[in-house]
Amino acid sequence: MLNVDLLVNGLIVGVLYALMAVGLSLIFGILKVVNFAHGELYMLGSYAYTLAAAALGISPWLAVPVALAVGALVGWAAERLLMRPLYAGYSSWGLMRDEYAVVVTFALSILLVNLVDKVVGPYPRRGPALLDLPRMPLGPVMLSGQKLVATAVGLVVIAALTLSMRYTLWGKQIQAVAQNRLGASLAGIDTARASSAVFSAAGALAALAGALLAPIINASPDVGAFPAVKSYVIVVLGGMGSMPGSIVASLALGVLESFGAVYVSYDYRDTFGLLILVLVLLVRPQGLFGERGRVV
Amino acid sequence: MSKSLSRTLGLASAAAAVLAAASAGAAEPIKVGISIAQSPPGSVVQGTQVRDGLEIMKDILNKQGGVLGRPIALVYEDDQGIPEKGRAAVEKLISRDKVVAITGGHQSSVCLAAMEVAKRSDIPYINTNCWSDDIRKKGYAQVFNPSNYNSRVAFAMAETLAGLGAKRVVAYCENTDYGIGQAKAVAEALKKRAPNVEYRYETLDRAGKDFTPAVLPLRANPPDAVLTMMLPPAAYILMNQLYEQGVAPSAKTWLYDGAGIGDYPDFWQNVKEAGKDMIEFGLYHPEMGVPKLGREVGTTYQQKTKNEPNRLIFQAADSLLLIAEAIKQAKSTDGKAMIKAMESMTFSGVRGSFRFSAEPGITHHQWADIPYVTYQFTEVGQPVSKTHLVQGPNLPLSVSKLEKPAR
């Protein structure tokens with residue numbers, strides 16, 4: 001019975017990790033940089049949802065799109081104001097693009113954490129549940145209604161994103177930009193617009209994860225650090241820039257942590273992912289689903 | 001007394017008060033260094049309450065004309081709840097700001113690092129809210145503890161668990177000097193008070209967000225009591241997950257918090273149903289009664305924030321008042337003289353009167369018999385003033401008053 005509990009809990013956690021990680025993976029795919037402020041977009045989503053529902057008094061179901069919009073807006077603004085120099089002109093910056101991206105996204109992360117701390121306050125806030133059932137037996141497993149809703153929404157969104165990346169023009173354009181920015185540009189794709197769209201989508205996904213988890217993991221200024229760290233591990237494990245890789249790695253990490261915490265030790269829970277990461281990188285440096293780099 | 005004479009005397013005393021306040025305002029301020037968490041990852045919730053208590057006491061002291069005719073000025077440094085930053089903060093306060101004493105510390109790991117600097121500089125370090133016994137065991141002459149300590153909580157918890165007849169107890173503690181220290185202290189206290197209790201503790205990451213895997217194994221074999229020794233926000237998340245899994249509080253298992261989080265202003269907003277029926281160790285309850293100055297501090301806090309005052313407000317106020325009293329008694333801001341004064345004085349603070357113990361070990365420079373309470377929340381959203389008091393300074397422990405959850 002315990003094993004069923006652990007498996008279900010691991011898969012649920014994995015789905016929620018995936019919501020965060022696919023956005024980060026998309027950004028890496030298209031810009032080849034790591035966004036260190038990704039966790040703070042989760043945090044903003046968590047607060048936007050909680051405050052919209054509490055302060056504006058709107059239904060929690062309406063507060064979810066508010067959080068999504070906030071995440072998309074901040075993602076879009078970050079790309080326009082901070083990331084654009086990486087590829088729009090400034091050719092001499094090319095030599096230092098990685099350093100620039102690290103410094104600027106780190107700075108954004110620190111700014112957002114402290115801004116929220118000062119403006120909203122340090123007190124954690126628990127968001128209202130979308131399904132107000134704090135305890136819900138589901139066969140042998142005990143869940144909260146919120147966990148169930150969060151998982152269901154997470155699965156639907158991930159499936160929709162995967163399909164749209166594969167079958168829509170928008171998705172194909174993003175894949176083209178990720179493969180070869182110059183080539184995509186020569187084929188008539190507006191690469192700047194594609195980058196903007198990816199940052200907005202990644203912001204919206206992270207904020208959605210924050211909103212869905214706000215009733216379980218209370219909103220607080222530093223709440224983004226935890227999912228962000230997991231996302232970095234997942235993105236590398238799955239293969240930098242690979243969306244299917246991120247999804248599989250998320251689920252695997254969720255289950256691994258769940259079982260490892262009980263059968264090895266809870267103290268080492270966060271190290272399991274890192275241990276697997278090291279092993280995978282030794283055997284397959286490009287990650288589970290990644291491709292080896294090619295220079296043409 | 002004629003009417004004109006009384007009017008003249010009234011005017012003269014008003015003028016004297018204005019002159020005293022003006023001279024206190026004009027004199028060079030006495031700087032007191034405050035090292036607290038004002039930004040994450042530290043407990044900003046605690047830091048904010050400590051700051052509120054300090055500010056209230058500073059205003060009270062300055063309205064009275066300051067200390068030795070000089071106003072008190074508080075110089076803040078943000079330690080972010082990180083030991084290295086706490087050490088650097090105290091270093092800066094002493095060397096750059098020339099403060100006469102340090103106070104505000106509210107996270108044990110930070111206090112343990114920061115007090116080393118105070119010791120080296122021979123500056124008084126007033127521990128506002130760090131519970132780790134190790135702070136006391138160091139036996140530093142510069143460190144004074146008007147706050148609570150882990151062994152005191154452990155004693156109270158062991159006594160209650162023995163009274164409840166608990167046979168198997170599981171504790172979840174945060175991975176800090178405070179958390180692990182308290183879990184170990186409870187083990188020691190249980191050995192003495194209830195040796196037949198089967199006790200184990202599990203360490204959880206204070207920055208963790210999902211504790212479900214740590215909770216799940218208890219579902220199949222629930223213990224008689226689950227103890228929590230964690231600070232928010234992790235404490236709130238753990239409580240919610242214990243409740244979600246039906247582990248505690250339940251008809252079989254008591255939930256007993258040893259961190260005193262039940263009086264935090266954000267407690268109910270974050271735990272809701274998970275907090276009902278929880279047993280709480282506390283250091284303040286309105287039924288305890290406090291001196292007149294304490295009531296003034298409590299009322300001012302309530303007027304400012306609309307929240308009920310809690311222990312952190314009083315502890316912070318006492319920390320600053322203690323520094324002021326030491327300066328008055330020593331008639332100097334010299335560190336050595338202040339330390340000597342604190343060692344011998346009977347301090348009348350906002351929570352009562354006490355002397356610091358000179359015994360080495362866990363009660364070194366400690367308010368050894370600091371009063372505490374045990375109470376239970378019986379309704380969701382219940383303020384501390386309406387809780388079920390089962391033990392207090394003048395109320396022997398009565399576990400029969402505790403209500404076991406029906407579900």
# chains A, B, ... in the order shown; residues from 1 in each chain; ligands from 1
$ interface_residues --of "chain A" --to "chain B" --cutoff "9 Å" --atoms "only C-alpha atoms" --output "PyMOL selection string"
chain A and resi 1-2+5-6+9-10+13+113-114+117-118+121-127+134-136+141-144+215-223+225-227+257-262+266-267
$ select_by_dssp --residues "stretch 66-172 of chain B" --states "alpha helix (DSSP H)" --output "PyMOL selection string"
chain B and resi 83-95+108-121+133-137+150-164
$ atom_distance --atom1 "atom CA of A:Pro285" --atom2 "atom CA of A:Ala160"
29.3 Å
$ residues_around --residues "B:Ser35" --least-positions-apart "4" --cutoff "7 Å" --atoms "only C-alpha atoms" --output "ChimeraX atom specification"
/B:76-79,86,89-90,103-105
$ write_last_selection --atoms "C-alpha atoms" --output "mmCIF file, in the first residue's frame"
data_model
loop_
_atom_site.group_PDB
_atom_site.id
_atom_site.type_symbol
_atom_site.label_atom_id
_atom_site.label_comp_id
_atom_site.auth_asym_id
_atom_site.auth_seq_id
_atom_site.Cartn_x
_atom_site.Cartn_y
_atom_site.Cartn_z
ATOM 1 C CA TYR B 76 19.596 47.453 11.467
ATOM 2 C CA GLU B 77 21.490 44.894 9.438
ATOM 3 C CA ASP B 78 19.792 42.169 7.408
ATOM 4 C CA ASP B 79 21.322 38.748 8.165
ATOM 5 C CA GLY B 86 24.879 37.228 10.550
ATOM 6 C CA ALA B 89 26.299 41.951 9.994
ATOM 7 C CA VAL B 90 27.544 42.004 13.585
ATOM 8 C CA THR B 103 20.356 42.174 19.837
ATOM 9 C CA GLY B 104 17.481 40.897 17.685
ATOM 10 C CA GLY B 105 18.886 37.420 16.857
#
$ residues_around --residues "stretch 375-381 of chain B" --least-positions-apart "3" --cutoff "12 Å" --atoms "only C-alpha atoms" --output "ChimeraX atom specification"
/B:156-157,160,249,254-258,260,262-288,372,384-392,395,397-406
$ residues_around --residues "A:Leu62" --least-positions-apart "4" --cutoff "10 Å" --atoms "only C-alpha atoms" --output "number ranges by chain"
A: 49, 52-53, 58, 66-67, 130
$ atom_distance --atom1 "atom CA of B:Met345" --atom2 "atom CA of B:Ile327"
11.5 Å
